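The next block is work-v8.pdb, given as PDB, C-alpha atoms.
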ATOM      1  CA  MET A   1     -29.907   6.048   5.972
ATOM      2  CA  ARG A   2     -28.382   3.591   3.515
ATOM      3  CA  GLU A   3     -24.703   4.623   3.816
ATOM      4  CA  LEU A   4     -23.357   2.383   6.590
ATOM      5  CA  ARG A   5     -20.625   4.723   7.885
ATOM      6  CA  LEU A   6     -23.060   7.625   8.163
ATOM      7  CA  ARG A   7     -25.735   5.433   9.774
ATOM      8  CA  LYS A   8     -23.192   4.397  12.427
ATOM      9  CA  ILE A   9     -22.122   8.004  12.999
ATOM     10  CA  VAL A  10     -25.683   9.253  13.424
ATOM     11  CA  ALA A  11     -26.432   6.411  15.861
ATOM     12  CA  GLU A  12     -23.238   6.978  17.891
ATOM     13  CA  HIS A  13     -23.155  10.774  18.101
ATOM     14  CA  ARG A  14     -23.526  12.225  21.580
ATOM     15  CA  ALA A  15     -23.293  15.967  20.958
ATOM     16  CA  TRP A  16     -23.152  18.494  18.159
ATOM     17  CA  LEU A  17     -21.692  21.914  17.500
ATOM     18  CA  SER A  18     -23.107  24.472  15.102
ATOM     19  CA  VAL A  19     -20.975  27.100  13.384
ATOM     20  CA  ASP A  20     -22.677  29.792  11.336
ATOM     21  CA  PHE A  21     -22.173  33.340  10.136
ATOM     22  CA  LEU A  22     -24.838  35.769  11.322
ATOM     23  CA  ALA A  23     -23.934  39.283  10.160
ATOM     24  CA  SER A  24     -21.096  41.631   9.262
ATOM     25  CA  ASP A  25     -20.533  45.279   8.452
ATOM     26  CA  LYS A  26     -18.093  44.168   5.762
ATOM     27  CA  LYS A  27     -19.082  43.150   2.245
ATOM     28  CA  ASP A  28     -17.521  39.687   2.423
ATOM     29  CA  SER A  29     -18.662  37.320  -0.290
ATOM     30  CA  PRO A  30     -20.183  33.929   0.675
ATOM     31  CA  PRO A  31     -17.063  31.990  -0.480
ATOM     32  CA  GLN A  32     -14.857  34.108   1.815
ATOM     33  CA  ILE A  33     -17.265  33.650   4.705
ATOM     34  CA  TYR A  34     -17.411  29.882   4.190
ATOM     35  CA  GLN A  35     -13.606  29.741   4.071
ATOM     36  CA  LEU A  36     -13.485  31.375   7.500
ATOM     37  CA  ILE A  37     -16.178  29.024   8.814
ATOM     38  CA  GLY A  38     -14.299  26.031   7.378
ATOM     39  CA  LYS A  39     -11.086  27.006   9.138
ATOM     40  CA  LEU A  40     -12.942  27.555  12.396
ATOM     41  CA  ILE A  41     -14.617  24.127  12.159
ATOM     42  CA  ALA A  42     -11.245  22.487  11.484
ATOM     43  CA  GLU A  43      -9.805  24.181  14.577
ATOM     44  CA  LEU A  44     -12.733  23.204  16.803
ATOM     45  CA  CYS A  45     -12.932  19.573  15.716
ATOM     46  CA  ASP A  46     -10.634  16.913  17.068
ATOM     47  CA  ARG A  47     -10.429  13.117  16.698
ATOM     48  CA  ASP A  48     -13.748  12.800  18.539
ATOM     49  CA  CYS A  49     -15.571  14.543  15.695
ATOM     50  CA  LEU A  50     -17.487  11.961  13.676
ATOM     51  CA  ALA A  51     -19.032  13.967  10.831
ATOM     52  CA  VAL A  52     -19.705  17.369   9.323
ATOM     53  CA  LEU A  53     -23.200  18.331   8.195
ATOM     54  CA  CYS A  54     -23.580  21.170   5.721
ATOM     55  CA  PRO A  55     -27.173  22.465   6.027
ATOM     56  CA  ALA A  56     -26.872  24.387   2.745
ATOM     57  CA  THR A  57     -26.321  21.122   0.832
ATOM     58  CA  GLY A  58     -27.945  18.631   3.202
ATOM     59  CA  ARG A  59     -24.848  16.426   2.977
ATOM     60  CA  ILE A  60     -23.173  14.655   5.853
ATOM     61  CA  ASN A  61     -19.508  13.759   5.409
ATOM     62  CA  VAL A  62     -17.464  11.473   7.618
ATOM     63  CA  TYR A  63     -14.929  13.708   9.364
ATOM     64  CA  ASP A  64     -11.425  12.538   8.512
ATOM     65  CA  ASP A  65      -8.027  14.045   7.696
ATOM     66  CA  GLU A  66      -9.089  14.760   4.104
ATOM     67  CA  ILE A  67     -12.113  16.773   5.261
ATOM     68  CA  ARG A  68     -10.051  18.579   7.916
ATOM     69  CA  GLU A  69      -7.377  19.606   5.401
ATOM     70  CA  GLY A  70     -10.025  20.565   2.860
ATOM     71  CA  LEU A  71     -11.789  22.818   5.342
ATOM     72  CA  CYS A  72      -8.513  24.687   5.812
ATOM     73  CA  GLU A  73      -7.325  24.787   2.210
ATOM     74  CA  LYS A  74     -10.268  24.409  -0.194
ATOM     75  CA  ASP A  75     -13.704  25.858  -0.785
ATOM     76  CA  PRO A  76     -15.716  24.270   2.050
ATOM     77  CA  MET A  77     -18.998  24.497   0.125
ATOM     78  CA  GLU A  78     -17.552  22.564  -2.800
ATOM     79  CA  LEU A  79     -15.847  20.099  -0.468
ATOM     80  CA  LEU A  80     -18.986  19.447   1.563
ATOM     81  CA  SER A  81     -21.243  19.263  -1.490
ATOM     82  CA  ASN A  82     -19.612  16.003  -2.549
ATOM     83  CA  PHE A  83     -19.041  12.777  -0.722
ATOM     84  CA  SER A  84     -15.362  12.469   0.110
ATOM     85  CA  GLN A  85     -15.543   8.701   0.319
ATOM     86  CA  PRO A  86     -17.377   6.208  -1.820
ATOM     87  CA  PRO A  87     -20.543   5.157  -0.038
ATOM     88  CA  VAL A  88     -20.590   1.838   1.795
ATOM     89  CA  LEU A  89     -23.955   0.170   1.363
ATOM     90  CA  SER A  90     -25.354  -3.043   2.730
ATOM     91  CA  ILE A  91     -26.607  -5.314  -0.043
ATOM     92  CA  SER A  92     -27.870  -8.827   0.468
ATOM     93  CA  GLU A  93     -25.816 -11.571  -1.136
ATOM     94  CA  ASN A  94     -29.142 -12.881  -2.472
ATOM     95  CA  ASP A  95     -29.852  -9.663  -4.386
ATOM     96  CA  PRO A  96     -29.962 -10.647  -8.095
ATOM     97  CA  ARG A  97     -28.068  -7.493  -9.089
ATOM     98  CA  MET A  98     -25.280  -8.371  -6.669
ATOM     99  CA  GLN A  99     -25.163 -11.941  -7.927
ATOM    100  CA  ARG A 100     -24.841 -10.679 -11.527
ATOM    101  CA  ALA A 101     -22.125  -8.188 -10.515
ATOM    102  CA  VAL A 102     -20.144 -10.909  -8.697
ATOM    103  CA  ALA A 103     -20.466 -13.257 -11.679
ATOM    104  CA  GLU A 104     -19.249 -10.530 -14.040
ATOM    105  CA  ALA A 105     -16.340  -9.647 -11.742
ATOM    106  CA  LYS A 106     -15.240 -13.286 -11.634
ATOM    107  CA  GLN A 107     -15.557 -13.605 -15.413
ATOM    108  CA  ARG A 108     -13.545 -10.431 -16.031
ATOM    109  CA  TRP A 109     -10.816 -11.188 -13.432
ATOM    110  CA  PRO A 110      -8.230 -12.131 -16.127
ATOM    111  CA  GLU A 111      -8.884  -8.763 -17.818
ATOM    112  CA  PHE A 112      -8.197  -7.000 -14.515
ATOM    113  CA  VAL A 113      -4.973  -8.967 -13.914
ATOM    114  CA  GLU A 114      -3.741  -8.146 -17.431
ATOM    115  CA  ALA A 115      -4.432  -4.412 -16.956
ATOM    116  CA  PHE A 116      -2.770  -4.521 -13.521
ATOM    117  CA  GLU A 117       0.370  -6.114 -14.915
ATOM    118  CA  LYS A 118       0.598  -3.445 -17.652
ATOM    119  CA  ARG A 119      -0.212  -0.481 -15.381
ATOM    120  CA  SER A 120       1.781   2.742 -15.420
ATOM    121  CA  ALA A 121       3.114   4.478 -12.311
ATOM    122  CA  GLU A 122       0.134   6.883 -12.352
ATOM    123  CA  GLN A 123      -2.475   4.120 -12.386
ATOM    124  CA  HIS A 124      -3.855   2.801  -9.114
ATOM    125  CA  PHE A 125      -5.793  -0.437  -8.764
ATOM    126  CA  SER A 126      -7.761  -1.940  -5.935
ATOM    127  CA  VAL A 127      -9.771  -5.070  -5.330
ATOM    128  CA  GLU A 128     -12.586  -5.517  -2.853
ATOM    129  CA  SER A 129     -13.956  -8.879  -1.983
ATOM    130  CA  ALA A 130     -16.688 -10.045   0.314
ATOM    131  CA  VAL A 131     -15.774 -12.949   2.552
ATOM    132  CA  TRP A 132     -18.710 -14.973   1.264
ATOM    133  CA  GLY A 133     -18.310 -14.241  -2.422
ATOM    134  CA  TRP A 134     -14.934 -15.613  -3.463
TER     135      TRP A 134
END

Rendering of file as structure tokens:
Amino acid sequence: MRELRLRKIVAEHRAWLSVDFLASDKKDSPPQIYQLIGKLIAELCDRDCLAVLCPATGRINVYDDEIREGLCEKDPMELLSNFSQPPVLSISENDPRMQRAVAEAKQRWPEFVEAFEKRSAEQHFSVESAVWGW
């Protein structure tokens, strides 16, 4: 598992809970059923919950406030089909692709600063830096 947060979660988990819909006399559509399941999961999970696995999509998402709110308010299948957070991957500082990316980032730093200084209220900027790279 390349995503570091998910690797840590899988290694640290101590228990799991499965929530599924088995049968109904009603003609509920799958989106309605998943909305009910999403709300139930949000009610059952607390701060000890590490992740949510959606077997239908095969995706694991780190359980956080965004996922909890989404399970209550959004389409859980759509929510759990996408990663809610950018993946965190471990890449060696000796990887040639990483070295090229760092060199390009350093070269284009003035371009970033200029765009930051001219930003509008709707624009958000962030900078990430490895301890070893700058």

The PyMOL selection byres ((chain A and resi 66-78) around 12) applied to the shown file, residues as an MDAnalysis selection string:
chainID A and resid 30:47 49:65 79:85

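Take the candidates A:Lys27, A:Arg2, A:Lys118, A:Arg108 and check each one against Ser90 of chain A using only C-alpha atoms; the shortest distance goes to A:Arg2.
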
Using only the atoms of segment 42-52 of chain A listed in the file, plus 8 Å on each side, state the axis-aligned box centre and edge lengths in Å rounded to one decimal, as JSON.
{"center_x": -14.8, "center_y": 18.1, "center_z": 13.9, "size_x": 25.9, "size_y": 28.2, "size_z": 25.2}

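The space separating atom CA of Ala105 of chain A from atom CA of Leu89 of chain A comes to 18.1 Å.
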
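For the pair atom CA of Val102 of chain A and atom CA of Glu117 of chain A, the separation is 22.0 Å.
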
Kindly complete segment 108-132 of chain A to N, CA and C atoms; the output should be written as a PDB file, keeping the file's coordinate frame.
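Listed below is the output, selection-v7.pdb:
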ATOM      1  N   ARG A 108     -14.478 -11.421 -15.492  1.00  0.00           N
ATOM      2  CA  ARG A 108     -13.545 -10.431 -16.031  1.00  0.00           C
ATOM      3  C   ARG A 108     -12.232 -10.340 -15.240  1.00  0.00           C
ATOM      4  N   TRP A 109     -12.039 -11.211 -14.247  1.00  0.00           N
ATOM      5  CA  TRP A 109     -10.816 -11.188 -13.432  1.00  0.00           C
ATOM      6  C   TRP A 109      -9.542 -11.234 -14.288  1.00  0.00           C
ATOM      7  N   PRO A 110      -9.444 -12.110 -15.298  1.00  0.00           N
ATOM      8  CA  PRO A 110      -8.230 -12.131 -16.127  1.00  0.00           C
ATOM      9  C   PRO A 110      -7.968 -10.774 -16.814  1.00  0.00           C
ATOM     10  N   GLU A 111      -9.018 -10.093 -17.216  1.00  0.00           N
ATOM     11  CA  GLU A 111      -8.884  -8.763 -17.818  1.00  0.00           C
ATOM     12  C   GLU A 111      -8.283  -7.771 -16.820  1.00  0.00           C
ATOM     13  N   PHE A 112      -8.734  -7.853 -15.566  1.00  0.00           N
ATOM     14  CA  PHE A 112      -8.197  -7.000 -14.515  1.00  0.00           C
ATOM     15  C   PHE A 112      -6.713  -7.297 -14.279  1.00  0.00           C
ATOM     16  N   VAL A 113      -6.366  -8.572 -14.167  1.00  0.00           N
ATOM     17  CA  VAL A 113      -4.973  -8.967 -13.914  1.00  0.00           C
ATOM     18  C   VAL A 113      -4.073  -8.465 -15.038  1.00  0.00           C
ATOM     19  N   GLU A 114      -4.528  -8.609 -16.285  1.00  0.00           N
ATOM     20  CA  GLU A 114      -3.741  -8.146 -17.431  1.00  0.00           C
ATOM     21  C   GLU A 114      -3.519  -6.623 -17.359  1.00  0.00           C
ATOM     22  N   ALA A 115      -4.562  -5.873 -17.067  1.00  0.00           N
ATOM     23  CA  ALA A 115      -4.432  -4.412 -16.956  1.00  0.00           C
ATOM     24  C   ALA A 115      -3.520  -4.041 -15.791  1.00  0.00           C
ATOM     25  N   PHE A 116      -3.612  -4.778 -14.684  1.00  0.00           N
ATOM     26  CA  PHE A 116      -2.770  -4.521 -13.521  1.00  0.00           C
ATOM     27  C   PHE A 116      -1.297  -4.738 -13.858  1.00  0.00           C
ATOM     28  N   GLU A 117      -1.014  -5.802 -14.560  1.00  0.00           N
ATOM     29  CA  GLU A 117       0.370  -6.114 -14.915  1.00  0.00           C
ATOM     30  C   GLU A 117       0.965  -5.108 -15.895  1.00  0.00           C
ATOM     31  N   LYS A 118       0.136  -4.433 -16.673  1.00  0.00           N
ATOM     32  CA  LYS A 118       0.598  -3.445 -17.652  1.00  0.00           C
ATOM     33  C   LYS A 118       0.437  -2.003 -17.160  1.00  0.00           C
ATOM     34  N   ARG A 119       0.087  -1.817 -15.893  1.00  0.00           N
ATOM     35  CA  ARG A 119      -0.212  -0.481 -15.381  1.00  0.00           C
ATOM     36  C   ARG A 119       1.006   0.440 -15.413  1.00  0.00           C
ATOM     37  N   SER A 120       0.719   1.739 -15.506  1.00  0.00           N
ATOM     38  CA  SER A 120       1.781   2.742 -15.420  1.00  0.00           C
ATOM     39  C   SER A 120       1.887   3.202 -13.966  1.00  0.00           C
ATOM     40  N   ALA A 121       2.891   4.000 -13.681  1.00  0.00           N
ATOM     41  CA  ALA A 121       3.114   4.478 -12.311  1.00  0.00           C
ATOM     42  C   ALA A 121       1.952   5.345 -11.817  1.00  0.00           C
ATOM     43  N   GLU A 122       1.235   5.999 -12.731  1.00  0.00           N
ATOM     44  CA  GLU A 122       0.134   6.883 -12.352  1.00  0.00           C
ATOM     45  C   GLU A 122      -1.175   6.129 -12.106  1.00  0.00           C
ATOM     46  N   GLN A 123      -1.242   4.879 -12.532  1.00  0.00           N
ATOM     47  CA  GLN A 123      -2.475   4.120 -12.386  1.00  0.00           C
ATOM     48  C   GLN A 123      -2.506   3.397 -11.044  1.00  0.00           C
ATOM     49  N   HIS A 124      -3.663   3.463 -10.404  1.00  0.00           N
ATOM     50  CA  HIS A 124      -3.855   2.801  -9.114  1.00  0.00           C
ATOM     51  C   HIS A 124      -4.994   1.792  -9.243  1.00  0.00           C
ATOM     52  N   PHE A 125      -4.806   0.628  -8.689  1.00  0.00           N
ATOM     53  CA  PHE A 125      -5.793  -0.437  -8.764  1.00  0.00           C
ATOM     54  C   PHE A 125      -6.156  -0.886  -7.355  1.00  0.00           C
ATOM     55  N   SER A 126      -7.368  -1.349  -7.210  1.00  0.00           N
ATOM     56  CA  SER A 126      -7.761  -1.940  -5.935  1.00  0.00           C
ATOM     57  C   SER A 126      -8.770  -3.053  -6.194  1.00  0.00           C
ATOM     58  N   VAL A 127      -8.842  -3.952  -5.250  1.00  0.00           N
ATOM     59  CA  VAL A 127      -9.771  -5.070  -5.330  1.00  0.00           C
ATOM     60  C   VAL A 127     -10.495  -5.138  -3.996  1.00  0.00           C
ATOM     61  N   GLU A 128     -11.793  -5.307  -4.068  1.00  0.00           N
ATOM     62  CA  GLU A 128     -12.586  -5.517  -2.853  1.00  0.00           C
ATOM     63  C   GLU A 128     -13.292  -6.845  -3.013  1.00  0.00           C
ATOM     64  N   SER A 129     -13.340  -7.567  -1.927  1.00  0.00           N
ATOM     65  CA  SER A 129     -13.956  -8.879  -1.983  1.00  0.00           C
ATOM     66  C   SER A 129     -14.730  -9.127  -0.703  1.00  0.00           C
ATOM     67  N   ALA A 130     -15.915  -9.623  -0.854  1.00  0.00           N
ATOM     68  CA  ALA A 130     -16.688 -10.045   0.314  1.00  0.00           C
ATOM     69  C   ALA A 130     -16.180 -11.410   0.765  1.00  0.00           C
ATOM     70  N   VAL A 131     -16.246 -11.677   2.026  1.00  0.00           N
ATOM     71  CA  VAL A 131     -15.774 -12.949   2.552  1.00  0.00           C
ATOM     72  C   VAL A 131     -16.574 -14.090   1.937  1.00  0.00           C
ATOM     73  N   TRP A 132     -17.854 -13.902   1.742  1.00  0.00           N
ATOM     74  CA  TRP A 132     -18.710 -14.973   1.264  1.00  0.00           C
ATOM     75  C   TRP A 132     -18.635 -15.183  -0.235  1.00  0.00           C
TER      76      TRP A 132
END
